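Next comes entry.cif, with mmCIF, C-alpha atoms and all ligand atoms.
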data_coords
loop_
_atom_site.label_atom_id
_atom_site.label_comp_id
_atom_site.auth_asym_id
_atom_site.auth_seq_id
_atom_site.Cartn_x
_atom_site.Cartn_y
_atom_site.Cartn_z
CA MET T 1 -104.67 111.11 86.62
CA THR T 2 -103.47 114.57 85.66
CA ILE T 3 -101.74 116.87 88.15
CA LEU T 4 -103.05 120.42 87.89
CA ASP T 5 -99.70 122.19 87.82
CA GLY T 6 -100.41 125.56 89.42
CA LYS T 7 -96.72 126.38 89.52
CA LYS T 8 -96.42 126.05 85.73
CA ILE T 9 -99.73 127.75 84.90
CA SER T 10 -98.94 130.64 87.26
CA ASN T 11 -95.60 131.07 85.49
CA ASP T 12 -97.40 131.10 82.11
CA ILE T 13 -99.75 133.82 83.42
CA LYS T 14 -96.83 135.85 84.80
CA ASP T 15 -95.08 135.58 81.42
CA GLU T 16 -98.24 136.83 79.68
CA ILE T 17 -98.51 139.76 82.11
CA THR T 18 -94.80 140.56 81.59
CA GLN T 19 -95.44 140.91 77.85
CA VAL T 20 -98.43 143.20 78.36
CA VAL T 21 -96.50 145.40 80.82
CA ALA T 22 -93.53 145.68 78.44
CA GLN T 23 -95.92 146.84 75.71
CA MET T 24 -97.55 149.36 78.06
CA LYS T 25 -94.13 150.78 78.92
CA ALA T 26 -93.14 150.92 75.24
CA ASN T 27 -96.34 152.91 74.58
CA GLY T 28 -95.40 155.39 77.32
CA GLN T 29 -98.24 154.27 79.59
CA LYS T 30 -98.02 154.15 83.36
CA THR T 31 -96.56 150.99 84.92
CA PRO T 32 -99.02 149.05 87.14
CA HIS T 33 -98.25 149.66 90.82
CA LEU T 34 -99.43 147.38 93.65
CA ALA T 35 -99.17 148.29 97.33
CA ALA T 36 -99.41 145.74 100.14
CA VAL T 37 -100.16 146.72 103.72
CA ILE T 38 -99.02 144.37 106.46
CA VAL T 39 -99.72 144.87 110.15
CA GLY T 40 -97.48 143.03 112.64
CA GLU T 41 -94.89 140.32 112.18
CA ASP T 42 -96.81 137.06 111.59
CA GLY T 43 -94.38 134.70 109.85
CA ALA T 44 -96.78 133.26 107.28
CA SER T 45 -98.18 136.71 106.44
CA LEU T 46 -94.67 138.10 105.93
CA THR T 47 -93.90 135.19 103.59
CA TYR T 48 -97.07 135.83 101.58
CA VAL T 49 -96.52 139.58 101.13
CA GLY T 50 -92.87 138.89 100.31
CA SER T 51 -94.00 136.56 97.49
CA LYS T 52 -96.39 139.21 96.21
CA VAL T 53 -93.72 141.94 96.13
CA ARG T 54 -91.26 139.60 94.36
CA ALA T 55 -93.93 138.61 91.83
CA CYS T 56 -94.48 142.30 91.03
CA ALA T 57 -90.78 142.74 90.24
CA ARG T 58 -90.83 139.63 88.07
CA VAL T 59 -93.57 140.98 85.76
CA GLY T 60 -92.27 144.56 85.72
CA PHE T 61 -94.81 146.12 88.11
CA GLU T 62 -93.92 148.73 90.68
CA SER T 63 -94.68 147.70 94.25
CA THR T 64 -94.76 149.29 97.68
CA LEU T 65 -94.72 147.36 100.93
CA VAL T 66 -96.29 149.27 103.82
CA GLN T 67 -95.17 147.66 107.09
CA LEU T 68 -97.04 148.80 110.18
CA PRO T 69 -96.56 147.79 113.82
CA GLU T 70 -98.88 145.30 115.52
CA SER T 71 -99.78 148.11 117.96
CA ILE T 72 -101.20 150.47 115.28
CA THR T 73 -104.66 151.82 116.06
CA GLU T 74 -107.62 151.16 113.80
CA GLN T 75 -107.82 154.92 113.14
CA ASP T 76 -104.19 155.13 112.03
CA LEU T 77 -104.67 152.15 109.71
CA LEU T 78 -107.77 153.81 108.24
CA THR T 79 -105.69 156.96 107.65
CA LYS T 80 -103.07 154.90 105.78
CA ILE T 81 -105.79 153.32 103.63
CA ASP T 82 -107.16 156.76 102.85
CA GLN T 83 -103.70 157.83 101.67
CA LEU T 84 -103.47 154.81 99.35
CA ASN T 85 -107.01 155.44 98.05
CA ASN T 86 -105.97 158.98 97.13
CA ASP T 87 -102.49 158.25 95.78
CA PRO T 88 -102.71 158.43 91.96
CA GLU T 89 -99.47 156.41 91.69
CA ILE T 90 -101.08 153.34 93.35
CA ASP T 91 -103.35 151.35 91.00
CA GLY T 92 -104.37 148.70 93.51
CA PHE T 93 -103.60 147.63 97.03
CA ILE T 94 -104.23 144.83 99.48
CA VAL T 95 -104.39 144.65 103.25
CA GLN T 96 -102.78 141.35 104.22
CA LEU T 97 -105.09 139.26 106.43
CA PRO T 98 -105.48 138.27 109.20
CA LEU T 99 -105.34 141.61 111.07
CA PRO T 100 -104.66 141.86 114.83
CA ARG T 101 -107.72 141.26 117.01
CA HIS T 102 -108.06 144.90 118.12
CA ILE T 103 -108.76 145.92 114.52
CA ASP T 104 -112.21 145.42 112.94
CA THR T 105 -111.41 143.71 109.61
CA GLN T 106 -114.83 144.53 108.11
CA LYS T 107 -114.34 148.22 108.82
CA ILE T 108 -110.92 148.15 107.16
CA LEU T 109 -112.12 146.29 104.04
CA LEU T 110 -115.03 148.77 103.70
CA ALA T 111 -112.52 151.64 103.66
CA VAL T 112 -110.67 150.37 100.56
CA ASP T 113 -111.71 152.18 97.37
CA PRO T 114 -113.52 149.45 95.37
CA LYS T 115 -111.63 150.57 92.23
CA LYS T 116 -108.31 149.74 93.95
CA ASP T 117 -109.61 146.64 95.78
CA VAL T 118 -107.54 144.08 93.87
CA ASP T 119 -108.30 141.41 96.52
CA GLY T 120 -112.01 141.83 95.72
CA PHE T 121 -112.96 141.81 99.41
CA HIS T 122 -115.01 145.04 99.51
CA PRO T 123 -118.76 144.27 99.84
CA GLU T 124 -119.46 146.27 96.68
CA ASN T 125 -117.10 144.01 94.72
CA PHE T 126 -118.41 140.83 96.35
CA GLY T 127 -121.97 141.89 95.45
CA LYS T 128 -120.92 142.55 91.86
CA LEU T 129 -119.37 139.07 91.67
CA ALA T 130 -122.69 137.54 92.75
CA LEU T 131 -124.52 139.63 90.13
CA ASP T 132 -122.15 138.86 87.20
CA MET T 133 -121.00 142.48 87.06
CA GLU T 134 -117.45 143.69 86.34
CA THR T 135 -115.42 143.47 89.54
CA PHE T 136 -112.21 142.04 90.99
CA ILE T 137 -112.61 138.31 91.62
CA PRO T 138 -110.77 137.32 94.84
CA ALA T 139 -107.40 135.87 93.84
CA THR T 140 -107.78 132.33 95.19
CA PRO T 141 -111.20 131.59 93.61
CA PHE T 142 -110.00 133.38 90.45
CA GLY T 143 -106.95 131.09 90.41
CA ILE T 144 -109.11 127.97 90.76
CA MET T 145 -111.34 129.10 87.87
CA GLU T 146 -108.28 129.82 85.73
CA LEU T 147 -106.82 126.35 86.43
CA LEU T 148 -110.11 124.71 85.41
CA ARG T 149 -110.26 126.90 82.30
CA ARG T 150 -106.67 126.30 81.17
CA TYR T 151 -106.93 122.52 81.65
CA ASP T 152 -110.28 122.63 79.80
CA ILE T 153 -112.04 120.70 82.57
CA GLU T 154 -115.76 120.25 81.91
CA THR T 155 -117.80 121.81 84.74
CA SER T 156 -121.21 122.25 83.05
CA GLY T 157 -123.90 120.13 84.69
CA LYS T 158 -121.33 118.65 87.10
CA HIS T 159 -121.91 118.41 90.82
CA THR T 160 -119.35 120.60 92.58
CA VAL T 161 -119.03 120.15 96.33
CA VAL T 162 -117.26 122.97 98.16
CA ILE T 163 -115.96 122.36 101.69
CA GLY T 164 -115.76 125.55 103.74
CA ARG T 165 -117.77 128.79 103.65
CA SER T 166 -115.05 131.41 104.21
CA HIS T 167 -115.56 134.86 102.69
CA ILE T 168 -112.25 134.51 100.84
CA VAL T 169 -112.59 131.07 99.23
CA GLY T 170 -115.61 128.87 99.94
CA ARG T 171 -118.38 131.44 99.55
CA PRO T 172 -117.05 133.12 96.37
CA ILE T 173 -116.01 129.86 94.62
CA SER T 174 -119.48 128.42 95.24
CA ILE T 175 -120.98 131.47 93.51
CA LEU T 176 -118.49 131.37 90.61
CA MET T 177 -119.01 127.66 89.93
CA SER T 178 -122.79 128.11 89.80
CA ARG T 179 -122.63 131.13 87.45
CA LYS T 180 -123.33 130.79 83.74
CA GLY T 181 -120.29 129.97 81.60
CA GLN T 182 -117.23 127.74 81.37
CA PRO T 183 -115.92 127.15 83.95
CA GLY T 184 -119.28 127.37 85.72
CA ASP T 185 -122.77 126.00 85.10
CA SER T 186 -122.13 123.58 87.95
CA THR T 187 -124.67 122.35 90.47
CA VAL T 188 -123.05 123.46 93.70
CA THR T 189 -123.33 122.14 97.25
CA LEU T 190 -121.63 124.32 99.89
CA THR T 191 -120.70 122.22 102.92
CA HIS T 192 -119.22 123.38 106.23
CA SER T 193 -118.56 122.46 109.85
CA ARG T 194 -122.27 121.97 110.60
CA THR T 195 -122.92 119.72 107.59
CA LYS T 196 -124.22 116.29 108.61
CA ASP T 197 -122.53 113.30 106.91
CA LEU T 198 -120.23 115.44 104.77
CA ALA T 199 -118.76 112.34 103.10
CA ALA T 200 -122.19 111.52 101.66
CA TYR T 201 -121.88 114.75 99.64
CA THR T 202 -118.23 114.44 98.65
CA ARG T 203 -118.80 110.84 97.47
CA GLU T 204 -121.42 112.14 95.01
CA ALA T 205 -119.23 115.01 93.79
CA ASP T 206 -117.77 115.27 90.29
CA ILE T 207 -115.61 118.15 91.54
CA VAL T 208 -114.49 118.67 95.16
CA ILE T 209 -113.05 122.03 96.21
CA SER T 210 -111.71 121.80 99.75
CA ALA T 211 -110.97 125.04 101.63
CA LEU T 212 -111.12 123.82 105.19
CA GLY T 213 -107.62 124.03 106.64
CA VAL T 214 -107.57 120.56 108.22
CA PRO T 215 -104.50 118.61 107.04
CA ASN T 216 -105.30 115.34 105.18
CA PHE T 217 -109.03 115.66 105.92
CA LEU T 218 -110.30 114.32 102.57
CA LYS T 219 -109.55 110.58 102.28
CA ALA T 220 -109.83 108.23 99.30
CA ASP T 221 -113.03 106.61 100.62
CA MET T 222 -114.71 110.05 100.58
CA VAL T 223 -114.38 110.63 96.81
CA LYS T 224 -115.74 108.93 93.74
CA ASP T 225 -113.65 107.46 90.95
CA GLY T 226 -112.71 110.06 88.34
CA ALA T 227 -113.45 113.08 90.54
CA VAL T 228 -111.65 116.41 90.05
CA ILE T 229 -109.95 117.40 93.31
CA ILE T 230 -109.00 121.00 94.14
CA ASP T 231 -107.06 121.35 97.40
CA VAL T 232 -107.02 124.89 98.81
CA GLY T 233 -105.67 123.87 102.23
CA ILE T 234 -102.22 125.16 103.19
CA THR T 235 -101.61 124.36 106.84
CA ARG T 236 -98.10 124.52 108.30
CA VAL T 237 -97.49 121.21 110.07
CA ALA T 238 -94.45 120.90 112.37
CA ASP T 239 -91.81 118.54 110.95
CA SER T 240 -88.35 118.43 112.52
CA THR T 241 -86.91 116.78 109.39
CA ALA T 242 -87.92 119.74 107.18
CA ALA T 243 -85.49 122.61 106.59
CA LYS T 244 -87.93 125.23 107.88
CA GLY T 245 -89.19 123.03 110.73
CA TYR T 246 -92.60 122.63 109.07
CA VAL T 247 -94.18 121.27 105.91
CA ILE T 248 -97.13 122.84 104.06
CA THR T 249 -99.95 120.30 104.09
CA GLY T 250 -103.20 120.35 102.13
CA ASP T 251 -106.72 119.28 103.11
CA VAL T 252 -106.43 116.24 100.84
CA ASP T 253 -104.76 112.92 101.62
CA TYR T 254 -102.90 113.18 98.31
CA LYS T 255 -101.45 109.68 98.28
CA GLY T 256 -104.80 107.96 98.58
CA VAL T 257 -107.05 110.44 96.76
CA SER T 258 -104.76 110.82 93.72
CA GLN T 259 -105.30 107.08 92.98
CA LYS T 260 -108.98 107.79 92.30
CA ALA T 261 -108.91 111.34 90.93
CA SER T 262 -109.00 112.31 87.25
CA TYR T 263 -107.35 115.67 88.05
CA ILE T 264 -105.82 116.83 91.32
CA THR T 265 -103.95 119.90 92.59
CA PRO T 266 -100.77 119.26 94.59
CA VAL T 267 -99.83 121.13 97.76
CA PRO T 268 -97.55 122.99 97.48
CA GLY T 269 -97.57 124.03 93.83
CA GLY T 270 -101.30 123.89 93.10
CA VAL T 271 -103.76 126.63 94.02
CA GLY T 272 -101.24 128.66 96.10
CA PRO T 273 -99.09 129.96 93.23
CA MET T 274 -102.25 130.71 91.21
CA THR T 275 -103.36 133.08 93.99
CA ILE T 276 -100.25 135.19 93.48
CA ALA T 277 -100.62 135.22 89.67
CA MET T 278 -104.27 136.31 89.84
CA LEU T 279 -103.44 139.15 92.24
CA LEU T 280 -101.09 140.43 89.54
CA GLN T 281 -103.84 139.94 86.93
CA ASN T 282 -106.23 142.02 89.08
CA THR T 283 -103.60 144.76 89.48
CA LEU T 284 -103.18 144.88 85.70
CA LEU T 285 -106.98 145.13 85.36
CA ALA T 286 -107.06 147.97 87.91
CA ARG T 287 -104.49 149.89 85.84
CA GLN T 288 -106.35 149.18 82.58
CA ARG T 289 -109.71 150.26 84.06
CA ALA T 290 -108.34 153.46 85.61
C1 LIG W 301 -97.76 126.86 97.18
C2 LIG W 301 -103.17 132.68 102.58
C3 LIG W 301 -104.40 131.69 104.41
C4 LIG W 301 -104.53 132.94 105.01
C5 LIG W 301 -104.01 134.06 104.41
C6 LIG W 301 -97.74 129.33 96.91
C7 LIG W 301 -98.87 130.77 98.49
C8 LIG W 301 -99.19 129.65 99.24
C9 LIG W 301 -98.83 128.39 98.82
C10 LIG W 301 -99.30 132.14 98.89
C11 LIG W 301 -102.43 132.61 101.32
C12 LIG W 301 -102.21 131.30 100.62
C13 LIG W 301 -101.87 133.77 100.80
C14 LIG W 301 -98.10 128.22 97.67
C15 LIG W 301 -101.02 133.77 99.56
C16 LIG W 301 -101.69 131.48 99.22
O1 LIG W 301 -96.78 126.68 96.43
O2 LIG W 301 -98.51 125.93 97.49
C17 LIG W 301 -98.13 130.61 97.31
O3 LIG W 301 -98.45 133.01 98.96
N1 LIG W 301 -100.62 132.45 99.20
C18 LIG W 301 -102.10 134.99 101.49
O4 LIG W 301 -101.63 136.04 101.06
O5 LIG W 301 -102.81 135.02 102.62
C19 LIG W 301 -103.34 133.93 103.20
C20 LIG W 301 -103.73 131.57 103.20
#

Please render this file's structure as structure tokens.
Amino acid sequence: MTILDGKKISNDIKDEITQVVAQMKANGQKTPHLAAVIVGEDGASLTYVGSKVRACARVGFESTLVQLPESITEQDLLTKIDQLNNDPEIDGFIVQLPLPRHIDTQKILLAVDPKKDVDGFHPENFGKLALDMETFIPATPFGIMELLRRYDIETSGKHTVVIGRSHIVGRPISILMSRKGQPGDSTVTLTHSRTKDLAAYTREADIVISALGVPNFLKADMVKDGAVIIDVGITRVADSTAAKGYVITGDVDYKGVSQKASYITPVPGGVGPMTIAMLLQNTLLARQRA
């Protein structure tokens, strides 16, 4: 069994980006600049944007954190997005999700200039992904593909079972794994909350990608020997013995499933850190395409 070390691979990618940025600066080119918009004070969201801003500093990018109150109106948020769209200094930006309930997320994502949409959530970019056109691949699916690529895991002709049909992970990764190429060329089954006898699918899977958000959902008796296991779950589970009062728990019962897996991502330190690295990669691409 090989642990897919997302922490290490994400550091390799950040080192590679650091080198490219240093060269850009030496050539007198503009430094990539990412902006992150956060609405409200959700603890997990603040942690995530904090990681993104720190990662920018680490590779030599400029970054701007736009913190807006929970009470902001949809119109005022749209105005802020318009400013970022039209700011030549900003190469790419993200709107940290989830947004407060009084704001229509679809309307906000539609307002982001697709050329600066480094999360790849704009419908134009999602459509391009489905059609094999140049786009920004959403960071989490992009990170999963990069892990498979860097560990040289065979995906061609394999049966990949995805659990979860979210717009951010399940749906795009199912498209990417079925596209031509390596990684890709997989036969993909997309399962979800209405799937009957889900274990019948996962037991037949060569590759399982779980993006469900139910701690320890996938048990050893639900996977076949030698399967590749990608755990995208990151649920905070209360734990009074932990320093922060919670532990981050994946969808996979790691202890049991790792006994059968050929490759498996840990949580934390698997897909999560790759997400941050690929956001930086997309920001670099936005600068290079501008
Ligand atoms: C790790 C996210 C759900 C909803 C909105 C490293 C991250 C997480 C885990 C991280 C995530 C999840 C992010 C680990 C960004 C991934 O070591 O396991 C990094 O920062 N993520 C987000 O921005 O929004 C989310 C999950």

Q. Restricting the calculation to all atoms listed in the file, which member of T:Val112, T:Ala243, T:Met177, T:Ala55 is positioned closest to Asn11 of chain T?
A.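 Ranked by minimum distance to Asn11 of chain T, first place goes to T:Ala55.
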
**Q.** Non-local contacts of segment 117-126 of chain T (6 Å; all atoms listed in the file; under 2 positions in same chain excluded) as number ranges by chain
**A.** T: 92, 109-110, 114-115, 128-129, 135-138, 282-283

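Taking atom CA of Glu74 of chain T as the reference point, atom CA of Arg165 of chain T is found at 26.6 Å.
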
Q) From the set T:Ser258, T:Gln19, T:Ser63, T:Thr195, which residue has the shortest atom-to-atom contact distance to Phe93 of chain T, counting all atoms listed in the file? A) T:Ser63

Q.
Just want the residues within 9 Å of ligand LIG 301 (chain W), written as a ChimeraX atom specification, counting all atoms listed in the file.
A. /T:6-7,44-52,96-98,139-140,168,213,232-235,248-250,266-276

Q: Name all residues at most 8 Å from Ala111 of chain T (count only C-alpha atoms; drop same-chain ones fewer than 5 positions away) and give them as a list of chain:residue names.
A: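 So, after excluding close chain neighbours, the residues are T:Leu78, T:Ile81, T:Asp82.
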
Q. Which distance in Å separates atom CA of Phe61 of chain T and atom CA of Leu284 of chain T, to one decimal?
A.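 Value for the atom CA of Phe61 of chain T-atom CA of Leu284 of chain T distance: 8.8 Å.
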
Skipping near chain neighbours, those fewer than 3 positions away, what residues fall within 8 Å of Val228 of chain T using only C-alpha atoms, listed as a PDB file with C-alpha atoms, in the frame of the given file?
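Wrote it out as out.pdb, contents follow:
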ATOM      1  CA  ASP T 206    -117.770 115.270  90.290  1.00  0.00           C
ATOM      2  CA  ILE T 207    -115.610 118.150  91.540  1.00  0.00           C
ATOM      3  CA  VAL T 208    -114.490 118.670  95.160  1.00  0.00           C
ATOM      4  CA  ALA T 261    -108.910 111.340  90.930  1.00  0.00           C
ATOM      5  CA  SER T 262    -109.000 112.310  87.250  1.00  0.00           C
ATOM      6  CA  TYR T 263    -107.350 115.670  88.050  1.00  0.00           C
ATOM      7  CA  ILE T 264    -105.820 116.830  91.320  1.00  0.00           C
TER       8      ILE T 264
END

Q: Within 12 Å of Ile17 of chain T, counting all atoms listed in the file, which residues show up once you throw out same-chain ones fewer than 5 positions away? Write them as a PyMOL selection string, please.
A: chain T and resi 10-12+22-24+31-32+55-61+277-285

Q: Name the residues in contact with segment 255-257 of chain T at a cut-off of 8 Å, using all atoms listed in the file, excluding same-chain residues fewer than 5 positions from it; report them as a PyMOL selection string.
A: chain T and resi 218-220+223
